[in-house]
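Note: the block below is model.cif and it holds mmCIF, C-alpha atoms and all ligand atoms.
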```cif
data_upload
loop_
_atom_site.label_atom_id
_atom_site.label_comp_id
_atom_site.auth_asym_id
_atom_site.auth_seq_id
_atom_site.Cartn_x
_atom_site.Cartn_y
_atom_site.Cartn_z
CA MET A 1279 97.81 78.31 113.80
CA THR A 1280 99.38 80.08 110.85
CA ASP A 1281 102.31 82.52 110.86
CA ILE A 1282 100.94 85.64 109.19
CA ALA A 1283 102.58 88.93 108.19
CA PHE A 1284 100.11 91.85 108.15
CA ILE A 1285 101.23 95.04 106.41
CA GLY A 1286 99.07 98.17 106.68
CA LEU A 1287 97.36 98.46 110.08
CA GLY A 1288 95.02 101.36 109.28
CA ASN A 1289 91.26 101.71 109.74
CA MET A 1290 90.62 98.37 108.02
CA GLY A 1291 93.91 96.51 108.61
CA ALA A 1292 94.01 96.89 112.40
CA PRO A 1293 90.63 95.26 113.12
CA MET A 1294 91.29 92.57 110.47
CA ALA A 1295 94.63 91.71 112.12
CA ALA A 1296 92.86 91.66 115.51
CA ASN A 1297 90.40 89.07 114.19
CA LEU A 1298 93.29 86.90 112.97
CA LEU A 1299 94.78 87.09 116.48
CA ARG A 1300 91.40 86.16 117.98
CA ALA A 1301 91.30 83.12 115.68
CA GLY A 1302 94.61 81.97 117.20
CA HIS A 1303 97.07 82.94 114.45
CA ARG A 1304 100.50 84.45 115.08
CA VAL A 1305 100.47 87.88 113.39
CA ARG A 1306 103.57 90.02 112.78
CA GLY A 1307 102.32 93.50 111.97
CA PHE A 1308 103.96 96.44 110.24
CA ASP A 1309 102.77 99.93 109.31
CA LEU A 1310 104.69 103.07 108.37
CA ASN A 1311 102.94 104.68 111.36
CA PRO A 1312 104.71 103.36 114.50
CA ALA A 1313 101.69 104.14 116.73
CA LEU A 1314 99.66 101.58 114.75
CA VAL A 1315 102.37 98.94 115.19
CA ALA A 1316 102.36 99.62 118.95
CA ALA A 1317 98.56 99.24 119.03
CA HIS A 1318 98.87 95.91 117.18
CA GLN A 1319 101.35 94.73 119.81
CA ALA A 1320 99.05 95.88 122.61
CA ALA A 1321 96.27 93.79 121.00
CA GLY A 1322 98.45 90.67 121.26
CA GLY A 1323 100.30 90.82 117.94
CA ILE A 1324 104.03 90.89 117.24
CA ALA A 1325 105.59 94.22 116.24
CA ALA A 1326 107.80 94.17 113.13
CA SER A 1327 110.34 96.87 112.26
CA SER A 1328 109.73 96.66 108.49
CA ALA A 1329 107.53 94.89 105.95
CA ILE A 1330 110.36 92.48 105.15
CA ALA A 1331 110.89 91.74 108.86
CA ALA A 1332 107.15 91.04 109.19
CA CYS A 1333 107.44 88.49 106.36
CA GLU A 1334 110.30 86.54 107.95
CA GLY A 1335 109.03 83.00 108.47
CA ALA A 1336 105.52 83.97 107.35
CA GLU A 1337 103.35 81.33 105.66
CA VAL A 1338 100.89 84.03 104.58
CA ALA A 1339 101.50 87.75 103.95
CA ILE A 1340 98.50 90.09 103.88
CA SER A 1341 98.55 93.76 102.86
CA MET A 1342 95.86 96.41 103.40
CA LEU A 1343 97.18 99.61 101.81
CA PRO A 1344 95.65 102.84 100.45
CA ALA A 1345 96.23 102.54 96.67
CA GLY A 1346 98.00 100.81 93.76
CA ALA A 1347 101.22 102.84 94.09
CA HIS A 1348 101.67 101.64 97.70
CA VAL A 1349 101.06 98.03 96.63
CA ARG A 1350 103.64 98.24 93.82
CA ALA A 1351 106.16 99.83 96.22
CA LEU A 1352 105.60 97.09 98.79
CA TYR A 1353 105.78 94.04 96.54
CA LEU A 1354 107.93 94.91 93.52
CA GLY A 1355 111.63 95.68 93.06
CA ASP A 1356 114.80 94.38 94.67
CA GLY A 1357 113.78 95.47 98.16
CA GLY A 1358 110.17 94.30 97.81
CA VAL A 1359 108.28 91.50 99.53
CA ILE A 1360 108.28 89.30 96.40
CA ALA A 1361 112.08 89.39 96.13
CA ALA A 1362 112.37 88.70 99.88
CA LEU A 1363 110.07 85.66 99.73
CA ARG A 1364 111.29 84.23 96.38
CA GLY A 1365 111.41 80.44 96.45
CA ARG A 1366 109.51 80.14 99.75
CA ASP A 1367 106.16 78.40 100.05
CA ALA A 1368 104.36 81.61 101.03
CA LEU A 1369 100.93 82.86 99.99
CA LEU A 1370 100.49 86.59 99.30
CA ILE A 1371 97.08 88.26 99.73
CA ASP A 1372 96.49 91.92 98.89
CA GLY A 1373 93.21 93.15 100.40
CA SER A 1374 93.61 96.78 99.26
CA THR A 1375 91.21 98.29 96.71
CA ILE A 1376 93.47 99.10 93.74
CA ASP A 1377 93.47 99.24 89.94
CA VAL A 1378 93.11 95.96 88.06
CA GLU A 1379 96.33 96.60 86.10
CA THR A 1380 98.47 96.83 89.24
CA ALA A 1381 96.81 93.76 90.75
CA ARG A 1382 97.65 91.76 87.60
CA ALA A 1383 101.22 93.12 87.39
CA VAL A 1384 101.98 92.22 91.00
CA ALA A 1385 100.39 88.76 90.66
CA GLU A 1386 102.52 88.15 87.55
CA ALA A 1387 105.71 89.15 89.38
CA ALA A 1388 104.75 86.86 92.27
CA ALA A 1389 104.11 83.95 89.89
CA ALA A 1390 107.51 84.53 88.24
CA ALA A 1391 109.08 84.21 91.71
CA GLY A 1392 107.18 80.96 92.37
CA LEU A 1393 104.77 82.58 94.83
CA ALA A 1394 100.99 82.27 94.92
CA MET A 1395 99.18 85.60 95.05
CA LEU A 1396 95.56 86.69 95.39
CA ASP A 1397 93.86 90.06 95.04
CA ALA A 1398 91.17 90.10 97.73
CA PRO A 1399 89.49 93.52 98.08
CA VAL A 1400 86.70 93.78 100.61
CA SER A 1401 83.36 95.42 101.16
CA GLY A 1402 81.68 95.96 104.51
CA GLY A 1403 83.71 98.91 105.78
CA VAL A 1404 85.28 99.40 109.19
CA GLY A 1405 82.18 97.97 110.91
CA GLY A 1406 82.48 94.76 108.89
CA ALA A 1407 86.23 94.59 109.56
CA GLN A 1408 85.61 94.88 113.31
CA ALA A 1409 82.77 92.35 113.32
CA GLY A 1410 84.64 89.90 111.05
CA THR A 1411 81.80 90.00 108.54
CA LEU A 1412 83.59 91.42 105.47
CA THR A 1413 82.87 90.23 101.95
CA PHE A 1414 86.05 89.19 100.12
CA MET A 1415 86.11 89.28 96.31
CA VAL A 1416 89.06 87.14 95.36
CA GLY A 1417 91.09 86.88 92.16
CA GLY A 1418 93.77 84.24 91.55
CA GLU A 1419 94.37 80.53 91.08
CA ALA A 1420 91.86 78.06 92.59
CA ALA A 1421 94.55 76.30 94.66
CA ALA A 1422 95.69 79.60 96.21
CA PHE A 1423 92.05 80.48 96.92
CA ALA A 1424 91.50 77.15 98.71
CA ARG A 1425 94.60 77.79 100.81
CA ALA A 1426 93.49 81.35 101.68
CA ARG A 1427 89.90 80.51 102.50
CA PRO A 1428 90.30 79.54 106.21
CA ILE A 1429 92.44 82.64 106.82
CA LEU A 1430 89.93 84.93 105.10
CA ALA A 1431 87.10 83.24 107.03
CA ALA A 1432 88.57 84.65 110.26
CA MET A 1433 87.98 88.17 108.88
CA GLY A 1434 84.90 87.81 106.69
CA LYS A 1435 81.77 85.78 106.18
CA ASN A 1436 81.15 86.01 102.45
CA ILE A 1437 84.14 84.82 100.45
CA VAL A 1438 83.76 84.70 96.68
CA HIS A 1439 86.28 83.35 94.16
CA ALA A 1440 85.67 85.81 91.32
CA GLY A 1441 88.16 84.33 88.81
CA GLY A 1442 91.83 84.68 87.83
CA PRO A 1443 94.30 87.43 88.83
CA GLY A 1444 92.63 90.87 89.01
CA ALA A 1445 89.08 89.43 89.04
CA GLY A 1446 88.59 90.39 92.69
CA GLN A 1447 89.38 94.03 91.91
CA ALA A 1448 87.17 93.87 88.81
CA ALA A 1449 84.22 92.57 90.88
CA LYS A 1450 84.74 95.25 93.51
CA ILE A 1451 84.80 98.22 91.11
CA CYS A 1452 81.89 96.92 89.00
CA ASN A 1453 79.79 96.50 92.16
CA ASN A 1454 80.72 99.92 93.49
CA MET A 1455 79.99 101.55 90.15
CA ILE A 1456 76.44 100.14 90.43
CA LEU A 1457 76.28 101.48 93.99
CA GLY A 1458 77.51 105.00 93.08
CA VAL A 1459 75.13 105.29 90.14
CA SER A 1460 72.14 103.85 92.02
CA MET A 1461 72.74 106.11 95.02
CA LEU A 1462 72.78 109.19 92.78
CA ALA A 1463 69.61 108.00 91.03
CA VAL A 1464 67.82 107.63 94.38
CA CYS A 1465 69.10 111.06 95.55
CA GLU A 1466 67.85 112.68 92.33
CA ALA A 1467 64.41 111.12 92.76
CA PHE A 1468 64.10 112.57 96.29
CA VAL A 1469 65.31 115.99 95.09
CA LEU A 1470 62.67 115.99 92.37
CA ALA A 1471 59.97 114.72 94.77
CA ASP A 1472 60.78 117.59 97.17
CA ARG A 1473 60.44 120.15 94.35
CA LEU A 1474 57.14 118.58 93.25
CA GLY A 1475 55.72 118.60 96.76
CA LEU A 1476 55.58 114.80 96.92
CA ALA A 1477 56.14 113.60 100.53
CA ARG A 1478 59.44 111.70 100.93
CA GLU A 1479 57.68 108.93 102.89
CA LYS A 1480 55.24 108.45 100.01
CA LEU A 1481 58.02 108.15 97.42
CA PHE A 1482 59.71 105.61 99.72
CA GLU A 1483 56.46 103.69 100.20
CA VAL A 1484 55.91 103.47 96.44
CA SER A 1485 59.46 102.89 95.18
CA SER A 1486 60.59 100.50 97.90
CA THR A 1487 57.87 98.09 96.83
CA SER A 1488 57.91 98.70 93.08
CA SER A 1489 60.30 98.81 90.15
CA GLY A 1490 62.48 101.62 91.58
CA GLN A 1491 63.50 99.33 94.44
CA CYS A 1492 67.26 98.99 95.10
CA TRP A 1493 69.71 98.71 98.03
CA SER A 1494 70.52 102.43 98.01
CA LEU A 1495 66.83 103.13 98.63
CA THR A 1496 65.67 100.31 100.90
CA SER A 1497 68.77 99.67 103.06
CA TYR A 1498 70.60 103.01 102.89
CA CYS A 1499 67.97 105.65 102.15
CA PRO A 1500 69.74 109.03 101.61
CA VAL A 1501 66.94 111.07 103.24
CA PRO A 1502 66.36 110.78 106.99
CA GLY A 1503 63.34 108.85 108.22
CA PRO A 1504 62.42 105.81 106.13
CA VAL A 1505 65.46 103.62 107.06
CA PRO A 1506 66.29 104.40 110.71
CA ASN A 1507 69.86 103.02 110.76
CA ALA A 1508 70.97 104.72 107.51
CA PRO A 1509 73.72 107.41 107.81
CA SER A 1510 71.20 110.09 106.70
CA ASN A 1511 69.73 109.90 110.22
CA ARG A 1512 73.04 110.80 111.89
CA ASP A 1513 74.07 113.81 109.83
CA TYR A 1514 75.70 111.52 107.23
CA ALA A 1515 78.48 110.24 109.49
CA PRO A 1516 80.08 107.37 107.46
CA GLY A 1517 79.32 104.56 106.72
CA PHE A 1518 81.18 104.63 103.49
CA ALA A 1519 82.85 107.99 102.95
CA ALA A 1520 82.27 110.02 99.78
CA SER A 1521 86.08 110.09 99.32
CA LEU A 1522 86.16 106.27 99.10
CA MET A 1523 83.25 106.21 96.66
CA LEU A 1524 85.14 108.70 94.48
CA LYS A 1525 88.26 106.53 94.65
CA ASP A 1526 86.32 103.44 93.51
CA LEU A 1527 84.49 105.31 90.72
CA LYS A 1528 87.83 106.62 89.43
CA LEU A 1529 89.24 103.07 89.46
CA ALA A 1530 86.18 101.93 87.48
CA GLN A 1531 86.73 104.72 84.93
CA GLN A 1532 90.43 103.85 84.67
CA ALA A 1533 89.46 100.22 83.96
CA ALA A 1534 86.74 101.29 81.49
CA GLU A 1535 89.23 103.44 79.62
CA ALA A 1536 91.86 100.67 79.51
CA SER A 1537 89.34 98.07 78.33
CA GLY A 1538 87.28 100.27 76.02
CA ALA A 1539 84.02 99.64 77.92
CA ALA A 1540 81.27 102.24 77.49
CA THR A 1541 80.20 103.38 80.99
CA PRO A 1542 78.58 106.81 80.57
CA LEU A 1543 76.63 106.67 83.85
CA GLY A 1544 79.77 105.56 85.70
CA ALA A 1545 81.62 108.54 84.17
CA SER A 1546 78.85 110.93 85.27
CA ALA A 1547 78.84 109.45 88.76
CA ALA A 1548 82.63 109.91 88.99
CA SER A 1549 82.42 113.57 87.98
CA LEU A 1550 79.46 114.26 90.34
CA TYR A 1551 81.27 112.60 93.27
CA GLN A 1552 84.33 114.71 92.42
CA ARG A 1553 82.19 117.83 92.83
CA ILE A 1554 80.61 116.46 96.02
CA ASN A 1555 84.10 115.84 97.46
CA ASP A 1556 85.31 119.29 96.35
CA ALA A 1557 82.28 120.84 98.09
CA GLY A 1558 83.67 119.66 101.44
CA LEU A 1559 81.69 116.44 101.80
CA ALA A 1560 84.63 114.01 101.33
CA GLY A 1561 84.48 112.85 104.94
CA LYS A 1562 80.69 112.49 104.98
CA ASP A 1563 78.87 109.32 103.98
CA PHE A 1564 78.44 108.96 100.22
CA SER A 1565 74.65 109.25 100.65
CA ALA A 1566 75.27 112.95 101.53
CA ALA A 1567 75.13 113.34 97.74
CA PHE A 1568 71.48 114.10 98.52
CA THR A 1569 72.29 117.27 100.51
CA TRP A 1570 74.64 118.48 97.76
CA LEU A 1571 72.17 117.78 94.94
CA SER A 1572 69.27 119.42 96.73
CA ALA A 1573 71.29 122.62 97.09
CA GLN A 1574 71.96 122.78 93.32
CA THR A 1575 69.92 124.39 90.57
CA ARG A 1576 69.34 123.06 87.08
CA GLU A 1577 71.50 125.86 85.65
CA VAL A 1578 74.55 124.66 87.63
CA VAL A 1579 73.97 120.86 87.44
CA PRO A 1580 71.89 120.19 84.31
P1 LIG B 1601 94.08 103.65 105.95
O1 LIG B 1601 94.67 104.82 105.28
O2 LIG B 1601 93.39 103.83 107.27
O3 LIG B 1601 95.21 102.52 106.18
C1 LIG B 1601 96.24 102.25 105.28
C2 LIG B 1601 97.51 102.06 106.10
O4 LIG B 1601 98.57 101.64 105.24
C3 LIG B 1601 98.00 103.35 106.78
O5 LIG B 1601 98.04 103.14 108.18
C4 LIG B 1601 99.40 103.57 106.18
O6 LIG B 1601 100.32 104.09 107.12
C5 LIG B 1601 99.76 102.17 105.77
N1 LIG B 1601 100.82 102.07 104.74
C6 LIG B 1601 100.91 102.71 103.56
N2 LIG B 1601 102.01 102.29 102.88
C7 LIG B 1601 102.61 101.36 103.65
C8 LIG B 1601 103.76 100.55 103.51
N3 LIG B 1601 104.54 100.61 102.43
N4 LIG B 1601 104.10 99.71 104.51
C9 LIG B 1601 103.31 99.63 105.62
N5 LIG B 1601 102.21 100.37 105.82
C10 LIG B 1601 101.85 101.21 104.85
O7 LIG B 1601 93.08 102.98 104.90
P2 LIG B 1601 91.92 101.93 105.18
O8 LIG B 1601 90.62 102.65 105.39
O9 LIG B 1601 92.39 100.94 106.20
O10 LIG B 1601 91.78 101.25 103.74
C11 LIG B 1601 92.72 100.28 103.29
C12 LIG B 1601 92.24 99.75 101.95
O11 LIG B 1601 90.94 99.17 102.10
C13 LIG B 1601 92.10 100.85 100.88
O12 LIG B 1601 92.56 100.36 99.66
C14 LIG B 1601 90.60 101.14 100.87
O13 LIG B 1601 90.15 101.62 99.59
C15 LIG B 1601 90.04 99.76 101.16
N6 LIG B 1601 88.70 99.80 101.77
C16 LIG B 1601 88.41 100.64 102.79
C17 LIG B 1601 87.14 100.67 103.34
C18 LIG B 1601 86.80 101.60 104.47
O14 LIG B 1601 85.59 101.73 104.78
N7 LIG B 1601 87.76 102.24 105.11
C19 LIG B 1601 86.15 99.80 102.84
C20 LIG B 1601 86.48 98.90 101.83
C21 LIG B 1601 87.77 98.91 101.29
#
```
Is it possible to give me this structure as structure tokens?
Amino acid sequence: MTDIAFIGLGNMGAPMAANLLRAGHRVRGFDLNPALVAAHQAAGGIAASSAIAACEGAEVAISMLPAGAHVRALYLGDGGVIAALRGRDALLIDGSTIDVETARAVAEAAAAAGLAMLDAPVSGGVGGAQAGTLTFMVGGEAAAFARARPILAAMGKNIVHAGGPGAGQAAKICNNMILGVSMLAVCEAFVLADRLGLAREKLFEVSSTSSGQCWSLTSYCPVPGPVPNAPSNRDYAPGFAASLMLKDLKLAQQAAEASGAATPLGASAASLYQRINDAGLAGKDFSAAFTWLSAQTREVVP
């Protein structure tokens, strides 16, 4: 049994903390929303009155927060978790999806305080968090990774050490840039097929077994029918919301700009998902890009 602090008990954090409890760990939970702390307590966890209180006596502190600004606010500064844990043998794990720069800055501050820290963003969504089948992409020192592994294994099944600090975030945004671009490519192909009078089932039959094959087509087809459990069959209920895809594509563009990488398709995907979100589809699955694209004309979206 490990004493764990869990900060951020939202859609992802709450079921992840519940899996740690199920694995027999003692979990002190904190969230800015008191109702979520109460739910954690009802699930068998310990309620903490602040992030620092949650970290008291913790061997491992895990955070699951919305964005980089929240992560900086939690860890850095005189009142932050790093200052509170300075000199203790604690391991810090941030599971939030954030910018690479923040992940590296926080890891550096932790190292300066003698603390091991990992960035460990996830894929698999709320369903994966509930089932304990998340993929963790982990950045940080090998020794810290080895220490984290059994804890992460209680929440996920695929745990990859991607490299040094920030490498977990880098892996996550590179993967999701592929996903955003490939989903749009598949949506465009179905839009064009519709206009050409080619049956959707026939395009699926051809492309799913030939060189157009990809996950967005064969496991997550954006038109209803060919893949029965894809969100397209349930009015695009997420799944993975278009708002989260936009967030990840923006993080990828931020990283591309900072590093000088040429990512023109990633940039196009980010601007198309911005328009899809602005059109009121932010809460729909990201494969609803198909419904938006099919309603456009070439004059509006060249
Ligand atoms: P969420 O908004 O449901 O939960 C975040 C929680 O953090 C909220 O409950 C909020 O009150 C809390 N919070 C914010 N600042 C805090 C602070 N200083 N102290 C304590 N609590 C604080 O978001 P989520 O869907 O659980 O996502 C969390 C992270 O996981 C995000 O970075 C997201 O991009 C990533 N992610 C989400 C999904 C998904 O499908 N939801 C999938 C993969 C990755």
As a quick test: using only C-alpha atoms and all ligand atoms, which residues lie no more than 7 Å away from ligand LIG 1601 (chain B)? Give them as a count of residues only.
32
Around (92.1, 89.7, 118.7) in the file's frame, which residues reach within 12 Å when counting all atoms listed in the file? Return as a PyMOL selection string?
chain A and resi 1292-1305+1317-1323+1407-1410+1432-1433
Tell me, as a PDB file with C-alpha atoms, keeping the file's coordinate frame, which residues lie within 9 Å of Ala1530 in chain A, counting only C-alpha atoms; anything in the same chain fewer than 6 positions away does not count.
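Saved result, out_29.pdb, follows:
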```
ATOM      1  CA  ASP A1377      93.470  99.240  89.940  1.00  0.00           C
ATOM      2  CA  ALA A1448      87.170  93.870  88.810  1.00  0.00           C
ATOM      3  CA  ILE A1451      84.800  98.220  91.110  1.00  0.00           C
ATOM      4  CA  CYS A1452      81.890  96.920  89.000  1.00  0.00           C
ATOM      5  CA  ASN A1454      80.720  99.920  93.490  1.00  0.00           C
ATOM      6  CA  MET A1455      79.990 101.550  90.150  1.00  0.00           C
ATOM      7  CA  THR A1541      80.200 103.380  80.990  1.00  0.00           C
ATOM      8  CA  GLY A1544      79.770 105.560  85.700  1.00  0.00           C
ATOM      9  CA  ALA A1545      81.620 108.540  84.170  1.00  0.00           C
ATOM     10  CA  ALA A1548      82.630 109.910  88.990  1.00  0.00           C
TER      11      ALA A1548
END
```
Kindly give the distance, in Å, that separates CA of Leu1550 in chain A and CA of Phe1564 in chain A, rounded to a single decimal.
11.3 Å
9 Å contact set for Phe1568 in chain A, all atoms listed in the file, chain neighbours under 5 positions out, as a count of residues only
10
Give as a PyMOL selection string the set of residues within 7 Å of the point (96.1, 89.3, 96.5), where distances use the file's coordinates and all atoms listed in the file.
chain A and resi 1370-1373+1395-1398
Could you put an axis-aligned box around every listed atom of range 1469-1484 of chain A, padded by 3 Å on each side, and send me its centre and edge lengths in Å to one decimal, as lines of an AutoDock Vina configuration file?
```
center_x = 60.3
center_y = 111.8
center_z = 97.6
size_x = 16.1
size_y = 22.7
size_z = 16.5
```
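Separating CA of Ala1388 in chain A from CA of Tyr1353 in chain A is a distance of 8.4 Å.
With distances restricted to all atoms listed in the file, A:Ala1566 is the closest residue to Gly1517 in chain A from A:Ala1540, A:Ala1316, A:Ala1566, A:Ala1421.
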Excluding Leu1369 in chain A and any residue of its chain fewer than 4 positions from it, enumerate the residues within 7 Å of it, using only C-alpha atoms, and give them as a PDB file with C-alpha atoms, keeping the file's coordinate frame.
```pdb
ATOM      1  CA  GLU A1337     103.350  81.330 105.660  1.00  0.00           C
ATOM      2  CA  VAL A1338     100.890  84.030 104.580  1.00  0.00           C
ATOM      3  CA  ALA A1339     101.500  87.750 103.950  1.00  0.00           C
ATOM      4  CA  LEU A1393     104.770  82.580  94.830  1.00  0.00           C
ATOM      5  CA  ALA A1394     100.990  82.270  94.920  1.00  0.00           C
ATOM      6  CA  MET A1395      99.180  85.600  95.050  1.00  0.00           C
TER       7      MET A1395
END
```
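Between Glu1379 in chain A and the residues A:Ala1520, A:Leu1474, A:Ala1534, A:Ile1360, the shortest atom-to-atom distance, using all atoms listed in the file, involves A:Ala1534.
With all atoms listed in the file as the atoms that count, the minimum distance from Val1349 in chain A to the choices A:Cys1333, A:Ala1383, A:Leu1363, A:Met1279 is reached by A:Ala1383.
CA of Arg1366 in chain A lies 22.6 Å from CA of Thr1380 in chain A.
Of the residues under consideration (A:Ala1326, A:Ala1471, A:Ser1341, A:Asp1356), A:Ala1326 shows the shortest atom-to-atom contact distance to Gly1307 in chain A when counting all atoms listed in the file.
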Mind checking which residues fall within 6 Å of Tyr1514 in chain A, counting all atoms listed in the file, ignoring those fewer than 3 positions away in the same chain, and posting them as a PyMOL selection string?
chain A and resi 1509-1510+1562-1563+1566
Give me the residues near Asn1436 in chain A as an MDAnalysis selection string, where near means some atom within 9 Å (using all atoms listed in the file) and where sequence neighbours in that chain fewer than 5 positions away do not count.
chainID A and resid 1411:1415 1431
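Closest approach to Ala1519 in chain A among A:Ala1477, A:Ala1547, A:Ala1560, A:Val1484 is made by A:Ala1560 (distances from all atoms listed in the file).
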